[in-house]
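Engineer: Got a file for you: final_15.txt, compact mmCIF, C-alpha atoms.
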# COMPACT_ATOMS: atom_id res chain seq x y z
CA MET A 1 -0.54 23.34 -7.16
CA GLN A 2 -2.28 22.97 -3.80
CA SER A 3 -4.44 19.87 -3.46
CA ILE A 4 -8.11 20.14 -2.58
CA THR A 5 -7.63 18.22 0.66
CA GLU A 6 -5.06 20.79 1.79
CA SER A 7 -6.98 23.87 0.67
CA SER A 8 -8.20 26.38 3.23
CA SER A 9 -11.41 25.75 5.15
CA GLN A 10 -14.48 27.66 4.06
CA TYR A 11 -15.01 28.63 7.70
CA GLU A 12 -13.05 31.41 9.39
CA HIS A 13 -12.18 32.00 13.06
CA LEU A 14 -13.04 28.50 14.30
CA ASP A 15 -11.34 29.36 17.57
CA LYS A 16 -13.93 32.08 18.15
CA MET A 17 -16.98 29.88 17.48
CA ASN A 18 -19.16 28.46 20.24
CA VAL A 19 -19.71 24.72 20.51
CA ARG A 20 -23.10 24.77 18.79
CA ASP A 21 -21.76 26.62 15.75
CA LEU A 22 -18.79 24.26 15.52
CA LEU A 23 -21.04 21.22 15.55
CA VAL A 24 -23.48 22.67 13.02
CA GLY A 25 -20.61 23.55 10.68
CA ILE A 26 -19.03 20.10 10.91
CA ASN A 27 -22.39 18.45 10.31
CA ARG A 28 -23.08 20.71 7.32
CA GLU A 29 -19.81 19.61 5.73
CA ASP A 30 -20.38 15.94 6.53
CA LYS A 31 -23.68 16.03 4.63
CA THR A 32 -21.75 16.65 1.39
CA VAL A 33 -19.87 13.34 1.56
CA PRO A 34 -22.59 10.93 0.32
CA THR A 35 -23.26 13.19 -2.65
CA ALA A 36 -19.58 13.10 -3.61
CA ILE A 37 -19.58 9.31 -3.35
CA GLU A 38 -22.69 9.00 -5.49
CA LYS A 39 -20.78 10.55 -8.37
CA VAL A 40 -18.16 7.78 -8.36
CA ILE A 41 -20.39 4.72 -7.92
CA PRO A 42 -19.50 3.46 -11.44
CA GLY A 43 -15.83 3.38 -10.43
CA ILE A 44 -16.63 1.56 -7.19
CA GLU A 45 -18.75 -0.93 -9.15
CA ALA A 46 -15.91 -1.70 -11.56
CA LEU A 47 -13.52 -2.38 -8.68
CA VAL A 48 -16.01 -4.60 -6.85
CA HIS A 49 -16.50 -6.74 -9.97
CA VAL A 50 -12.75 -7.37 -10.12
CA ILE A 51 -12.52 -8.16 -6.41
CA VAL A 52 -15.43 -10.60 -6.58
CA ASP A 53 -13.96 -12.29 -9.64
CA ARG A 54 -10.56 -12.74 -7.99
CA MET A 55 -11.95 -13.89 -4.65
CA LYS A 56 -14.25 -16.44 -6.31
CA SER A 57 -11.10 -17.93 -7.80
CA GLY A 58 -9.32 -18.06 -4.44
CA GLY A 59 -7.68 -14.64 -4.47
CA ARG A 60 -7.41 -12.16 -1.63
CA LEU A 61 -8.13 -8.48 -1.08
CA PHE A 62 -5.40 -6.24 0.32
CA TYR A 63 -5.64 -2.67 1.61
CA ILE A 64 -2.62 -0.44 2.17
CA GLY A 65 -2.53 3.05 3.62
CA ALA A 66 -0.87 5.40 6.08
CA GLY A 67 -2.27 7.24 9.09
CA THR A 68 -6.06 7.48 9.15
CA SER A 69 -6.31 5.85 5.72
CA GLY A 70 -4.28 2.85 6.85
CA ARG A 71 -6.30 2.45 10.03
CA LEU A 72 -9.56 2.52 8.09
CA GLY A 73 -8.34 -0.28 5.82
CA ILE A 74 -7.28 -2.36 8.81
CA VAL A 75 -10.64 -1.85 10.50
CA ASP A 76 -12.53 -2.90 7.39
CA ALA A 77 -10.37 -6.00 6.91
CA SER A 78 -10.59 -7.02 10.57
CA GLU A 79 -14.39 -6.92 10.56
CA ILE A 80 -14.85 -9.34 7.65
CA PRO A 81 -14.21 -12.65 9.48
CA PRO A 82 -16.61 -12.05 12.40
CA THR A 83 -19.27 -10.40 10.23
CA TYR A 84 -19.26 -12.73 7.25
CA GLY A 85 -17.41 -15.84 8.42
CA MET A 86 -14.59 -15.42 5.92
CA PRO A 87 -11.31 -17.03 7.04
CA HIS A 88 -8.68 -14.69 8.41
CA GLY A 89 -6.18 -13.82 5.70
CA LYS A 90 -8.68 -13.38 2.88
CA VAL A 91 -8.99 -9.62 3.42
CA ILE A 92 -5.79 -8.05 4.74
CA GLY A 93 -5.11 -4.48 5.84
CA LEU A 94 -1.57 -3.10 6.10
CA MET A 95 -0.35 0.35 7.06
CA ALA A 96 2.90 2.27 6.97
CA GLY A 97 4.80 1.71 10.19
CA GLY A 98 3.23 -1.67 10.91
CA ASP A 99 0.88 -2.60 13.74
CA LYS A 100 2.54 -0.13 16.11
CA ALA A 101 1.27 2.69 13.89
CA ILE A 102 -2.35 1.70 14.50
CA ARG A 103 -2.22 3.50 17.86
CA GLN A 104 0.87 5.68 17.62
CA ALA A 105 2.23 7.59 14.63
CA VAL A 106 5.53 6.27 13.27
CA GLU A 107 7.55 9.20 11.98
CA PHE A 108 8.20 9.31 8.24
CA ALA A 109 6.96 5.72 7.72
CA GLU A 110 4.63 6.90 4.96
CA ASP A 111 7.51 8.49 3.04
CA ASP A 112 9.19 5.17 2.13
CA ALA A 113 8.05 4.26 -1.39
CA THR A 114 9.61 0.79 -1.26
CA GLN A 115 8.32 -0.50 2.08
CA ALA A 116 4.77 -1.37 1.03
CA TRP A 117 5.92 -3.96 -1.49
CA LYS A 118 8.17 -5.49 1.18
CA ASP A 119 5.20 -5.64 3.55
CA LEU A 120 3.02 -7.21 0.87
CA GLY A 121 5.78 -9.69 0.03
CA PHE A 122 5.41 -11.19 3.49
CA TYR A 123 1.96 -12.36 2.33
CA ASN A 124 3.16 -13.55 -1.08
CA ILE A 125 0.80 -11.23 -2.92
CA ASN A 126 0.34 -12.42 -6.51
CA PRO A 127 -1.75 -11.87 -9.67
CA ALA A 128 -4.68 -13.79 -8.14
CA ASP A 129 -5.10 -10.97 -5.60
CA VAL A 130 -6.36 -7.37 -5.63
CA LEU A 131 -4.64 -4.42 -3.94
CA VAL A 132 -6.45 -1.21 -2.98
CA GLY A 133 -4.35 1.78 -1.97
CA ILE A 134 -6.01 4.28 0.37
CA ALA A 135 -4.69 7.85 0.62
CA ALA A 136 -6.78 10.98 1.01
CA SER A 137 -4.09 13.14 -0.56
CA GLY A 138 -3.30 10.70 -3.35
CA ARG A 139 0.38 11.44 -2.94
CA THR A 140 1.54 9.20 -0.07
CA PRO A 141 4.80 7.52 -1.20
CA TYR A 142 4.16 4.31 0.76
CA VAL A 143 0.84 3.79 -1.01
CA ILE A 144 1.93 4.96 -4.46
CA GLY A 145 5.01 2.75 -4.34
CA GLY A 146 2.94 -0.23 -3.23
CA VAL A 147 0.36 -0.05 -6.01
CA ARG A 148 3.02 0.76 -8.62
CA ASP A 149 5.10 -2.29 -7.68
CA ALA A 150 2.00 -4.48 -7.46
CA ARG A 151 0.93 -3.43 -10.93
CA LEU A 152 4.39 -4.27 -12.26
CA HIS A 153 3.84 -7.76 -10.86
CA HIS A 154 0.44 -8.04 -12.61
CA VAL A 155 -1.68 -7.58 -9.48
CA ALA A 156 -5.01 -5.79 -10.10
CA THR A 157 -4.95 -2.43 -8.33
CA GLY A 158 -7.46 0.17 -7.19
CA CYS A 159 -7.38 3.22 -4.97
CA ILE A 160 -9.54 5.46 -2.80
CA THR A 161 -8.42 9.08 -2.76
CA CYS A 162 -10.04 12.48 -2.23
CA ASN A 163 -8.14 14.56 -4.79
CA SER A 164 -8.69 14.53 -8.53
CA GLY A 165 -5.85 13.80 -10.92
CA SER A 166 -3.58 12.45 -8.18
CA GLU A 167 -0.42 10.45 -8.74
CA LEU A 168 -1.98 7.55 -6.87
CA ALA A 169 -4.95 7.42 -9.26
CA LYS A 170 -2.56 7.42 -12.23
CA GLN A 171 -0.78 4.34 -10.89
CA VAL A 172 -3.80 2.03 -10.53
CA ASP A 173 -6.19 0.14 -12.78
CA TYR A 174 -9.37 1.17 -10.96
CA PRO A 175 -9.18 4.64 -9.39
CA ILE A 176 -11.88 5.97 -7.08
CA GLU A 177 -11.59 9.73 -6.51
CA VAL A 178 -14.11 11.06 -4.00
CA VAL A 179 -13.63 14.83 -4.03
CA VAL A 180 -15.23 16.11 -0.84
CA GLY A 181 -13.66 19.58 -0.87
CA PRO A 182 -11.83 21.50 1.87
CA GLU A 183 -12.05 20.18 5.41
CA PHE A 184 -13.79 22.07 8.23
CA VAL A 185 -10.38 22.30 9.88
CA THR A 186 -7.90 23.00 7.09
CA GLY A 187 -6.06 19.82 6.08
CA SER A 188 -7.68 17.58 8.71
CA THR A 189 -8.41 14.69 6.37
CA ARG A 190 -9.56 12.43 9.17
CA MET A 191 -12.83 14.36 8.87
CA LYS A 192 -14.70 14.44 5.52
CA ALA A 193 -12.03 12.55 3.61
CA GLY A 194 -11.86 9.88 6.30
CA THR A 195 -15.64 9.59 6.34
CA ALA A 196 -15.68 9.22 2.55
CA GLN A 197 -13.02 6.51 2.66
CA LYS A 198 -14.89 4.62 5.38
CA LEU A 199 -18.16 4.75 3.43
CA VAL A 200 -16.49 3.55 0.23
CA LEU A 201 -14.77 0.72 2.10
CA ASN A 202 -18.14 -0.27 3.54
CA MET A 203 -19.58 -0.35 0.03
CA ILE A 204 -16.71 -2.36 -1.42
CA SER A 205 -16.49 -5.03 1.26
CA THR A 206 -20.25 -5.35 1.86
CA ALA A 207 -21.12 -5.65 -1.82
CA THR A 208 -18.29 -8.15 -2.26
CA MET A 209 -19.39 -10.34 0.63
CA ILE A 210 -22.98 -10.33 -0.58
CA GLN A 211 -21.87 -11.29 -4.09
CA LEU A 212 -19.79 -14.10 -2.60
CA GLY A 213 -22.89 -15.53 -0.93
CA HIS A 214 -22.34 -14.60 2.70
CA VAL A 215 -25.75 -12.95 3.06
CA LYS A 216 -29.10 -14.71 2.76
CA GLY A 217 -31.96 -12.30 2.13
CA ASN A 218 -30.68 -9.44 4.25
CA LYS A 219 -29.08 -11.49 7.01
CA MET A 220 -25.45 -12.27 7.88
CA VAL A 221 -25.90 -16.03 8.02
CA ASP A 222 -22.16 -16.74 8.24
CA MET A 223 -21.35 -14.39 11.13
CA GLN A 224 -19.21 -15.82 13.92
CA LEU A 225 -21.05 -16.34 17.19
CA THR A 226 -18.41 -14.72 19.37
CA ASN A 227 -20.59 -13.08 22.02
CA ASN A 228 -24.08 -13.19 23.52
CA LYS A 229 -25.33 -10.35 21.34
CA LEU A 230 -24.46 -12.26 18.19
CA VAL A 231 -25.91 -15.50 19.56
CA ASP A 232 -29.15 -13.62 20.24
CA ARG A 233 -29.08 -12.15 16.74
CA GLY A 234 -28.48 -15.58 15.22
CA THR A 235 -31.34 -17.01 17.23
CA ARG A 236 -33.71 -14.32 15.96
CA MET A 237 -32.61 -14.98 12.37
CA ILE A 238 -33.50 -18.64 12.73
CA MET A 239 -36.82 -17.80 14.36
CA GLU A 240 -37.76 -15.50 11.49
CA GLU A 241 -36.60 -17.81 8.71
CA LEU A 242 -38.01 -21.07 10.07
CA HIS A 243 -40.97 -19.69 12.04
CA VAL A 244 -39.96 -21.50 15.21
CA ASP A 245 -39.92 -20.30 18.81
CA GLU A 246 -36.86 -18.98 20.61
CA LYS A 247 -36.16 -22.23 22.42
CA GLU A 248 -36.09 -24.33 19.25
CA ALA A 249 -34.07 -21.69 17.40
CA GLY A 250 -31.51 -21.64 20.19
CA GLN A 251 -31.25 -25.42 20.15
CA LEU A 252 -30.70 -25.44 16.39
CA LEU A 253 -28.01 -22.78 16.67
CA ARG A 254 -26.18 -24.74 19.35
CA GLN A 255 -26.53 -27.97 17.39
CA PHE A 256 -25.23 -26.67 14.06
CA GLY A 257 -22.94 -23.87 15.22
CA SER A 258 -23.97 -21.29 12.61
CA VAL A 259 -27.11 -19.71 11.23
CA ARG A 260 -26.46 -21.00 7.72
CA LYS A 261 -25.97 -24.60 8.85
CA ALA A 262 -28.98 -24.43 11.16
CA LEU A 263 -31.23 -23.21 8.33
CA ALA A 264 -29.90 -25.84 5.92
CA GLY A 265 -30.12 -28.63 8.49
CA LYS A 266 -33.68 -27.89 9.50
CA LYS A 267 -34.91 -27.58 5.93
Output the structure of this file as structure tokens.

Structural biologist:
Amino acid sequence: MQSITESSSQYEHLDKMNVRDLLVGINREDKTVPTAIEKVIPGIEALVHVIVDRMKSGGRLFYIGAGTSGRLGIVDASEIPPTYGMPHGKVIGLMAGGDKAIRQAVEFAEDDATQAWKDLGFYNINPADVLVGIAASGRTPYVIGGVRDARLHHVATGCITCNSGSELAKQVDYPIEVVVGPEFVTGSTRMKAGTAQKLVLNMISTATMIQLGHVKGNKMVDMQLTNNKLVDRGTRMIMEELHVDEKEAGQLLRQFGSVRKALAGKK
């Protein structure tokens, strides 16, 4: 049976469309993604509770995927330390084919059902951790094999896929199936499916970091001050929270080295 992500586009003769019609059609399809995600919020919530519980006890969050799905997991993981001040190695993204595959496809890497567990073994994944497999199709051997082996070793597992009733969903404890329908370009899952996966990853990691205490009010008080833009943002946060002028806020930020420490030190 043909999967939804591989089913034919609802639009014909794309090659005959003008640019405006192409853009309007793509945008029309993209608008359906948030609605599809809304339907699976309970599943996302259940997975976030598990992740928060494990990470509060010292565990880690792993993402595995192939192609676009793998890259999205790596992007999400890589943004956690600078955004929320979490140490590197607490959220880890891995993809079929290794780091080389981030920029260049590695042929048939996703077809090896045993490689993901080997990759995870390098990090000594264990029952204190959580593994989330990401695959739009829900049938990628690298991802299915990884979550299956992790589950056998008593690691909590979840997934993000865009087909219902997939093999991947059957192999995890906490499945998230965001069914966004056929792509604008038939089978091009970097489009709606990729957008859905990115939005769900945003929800998972952001909610987790907030629950772990890395946000005060609505501000990223643990962000790393790695460039002038972030220093300026941190300065404004301190100004707003402590009702001080820019000069004093800047001095506090330089003195304490982080927004959180500056707020605590001044109070």

Engineer: Give me, as a tab-separated table, the closest atom pair and its distance (Å, one decimal) for every residue of range 19-40 of chain A within a cut-off of 6 Å of range 170-185 of chain A, counting all atoms listed in the file, rows sorted by chain and rising number.

Structural biologist:
residue	atom	partner	partner_atom	distance
A:Val33	CA	A:Val180	CA	5.9
A:Ala36	CA	A:Val178	CA	5.9
A:Ile37	CA	A:Val178	CA	5.8

Engineer: Near Val147 in chain A, counting all atoms listed in the file, which residues have an atom at most 12 Å away, once you skip same-chain residues fewer than 4 positions from it, shown as number ranges by chain?

Structural biologist: A: 62-65, 113-118, 120, 125, 130-135, 138-143, 151-160, 167-175

Engineer: Have a look at CA of Val221 in chain A and CA of Arg260 in chain A and let me know their distance in Å, one decimal.

Structural biologist: 5.0 Å

Engineer: If we count all atoms listed in the file, what is near Glu12 in chain A at a cut-off of 12 Å, once residues fewer than 3 positions away on the same chain are taken out, given as JSON, numbers by chain?

Structural biologist: {"A": [8, 9, 15, 16, 17, 21, 22, 25, 183, 184, 185, 186]}

Engineer: Provide the CA of Lys247 in chain A to CA of Asn227 in chain A distance in Å, to one decimal place.

Structural biologist: 18.1 Å

Engineer: Could you tell me which of A:Ile210, A:Lys192, A:Met237, A:Ala66 comes closest to Arg28 in chain A if we count only C-alpha atoms?

Structural biologist: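 Among the listed residues, A:Lys192 lies closest to Arg28 in chain A.
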
Engineer: Hey, can you check how far CA of Leu94 in chain A sits from CA of Arg71 in chain A?

Structural biologist: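 We find that CA of Leu94 in chain A and CA of Arg71 in chain A lie 8.3 Å from each other.
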
Engineer: Which residues of range 186-254 of chain A have any atom within 10 Å of an atom in range 77-86 of chain A when counting all atoms listed in the file, and what is the closest pair of atoms for each, with the distance in Å to one decimal? Order the rows by chain and rising number and write it as JSON lines.

Structural biologist:
{"residue": "A:Leu201", "atom": "CA", "partner": "A:Ala77", "partner_atom": "CA", "distance": 9.4}
{"residue": "A:Ser205", "atom": "CA", "partner": "A:Ile80", "partner_atom": "CA", "distance": 7.9}
{"residue": "A:Thr206", "atom": "CA", "partner": "A:Ile80", "partner_atom": "CA", "distance": 8.9}
{"residue": "A:Met209", "atom": "CA", "partner": "A:Tyr84", "partner_atom": "CA", "distance": 7.0}
{"residue": "A:Ile210", "atom": "CA", "partner": "A:Tyr84", "partner_atom": "CA", "distance": 9.0}
{"residue": "A:Leu212", "atom": "CA", "partner": "A:Tyr84", "partner_atom": "CA", "distance": 10.0}
{"residue": "A:Gly213", "atom": "CA", "partner": "A:Tyr84", "partner_atom": "CA", "distance": 9.4}
{"residue": "A:His214", "atom": "CA", "partner": "A:Tyr84", "partner_atom": "CA", "distance": 5.8}
{"residue": "A:Val215", "atom": "CA", "partner": "A:Tyr84", "partner_atom": "CA", "distance": 7.7}
{"residue": "A:Lys219", "atom": "CA", "partner": "A:Tyr84", "partner_atom": "CA", "distance": 9.9}
{"residue": "A:Met220", "atom": "CA", "partner": "A:Tyr84", "partner_atom": "CA", "distance": 6.2}
{"residue": "A:Val221", "atom": "CA", "partner": "A:Tyr84", "partner_atom": "CA", "distance": 7.5}
{"residue": "A:Asp222", "atom": "CA", "partner": "A:Gly85", "partner_atom": "CA", "distance": 4.8}
{"residue": "A:Met223", "atom": "CA", "partner": "A:Thr83", "partner_atom": "CA", "distance": 4.6}
{"residue": "A:Gln224", "atom": "CA", "partner": "A:Pro82", "partner_atom": "CA", "distance": 4.8}
{"residue": "A:Leu225", "atom": "CA", "partner": "A:Pro82", "partner_atom": "CA", "distance": 7.8}
{"residue": "A:Thr226", "atom": "CA", "partner": "A:Pro82", "partner_atom": "CA", "distance": 7.7}
{"residue": "A:Leu230", "atom": "CA", "partner": "A:Thr83", "partner_atom": "CA", "distance": 9.7}

Engineer: Could you give me, as a PDB file with C-alpha atoms, in the coordinates of the input, the residues within 8 Å of Ile102 in chain A, counting only C-alpha atoms and dropping anything in the same chain fewer than 6 positions from it?

Structural biologist:
ATOM      1  CA  GLY A  67      -2.270   7.240   9.090  1.00  0.00           C
ATOM      2  CA  GLY A  70      -4.280   2.850   6.850  1.00  0.00           C
ATOM      3  CA  ARG A  71      -6.300   2.450  10.030  1.00  0.00           C
ATOM      4  CA  MET A  95      -0.350   0.350   7.060  1.00  0.00           C
TER       5      MET A  95
END
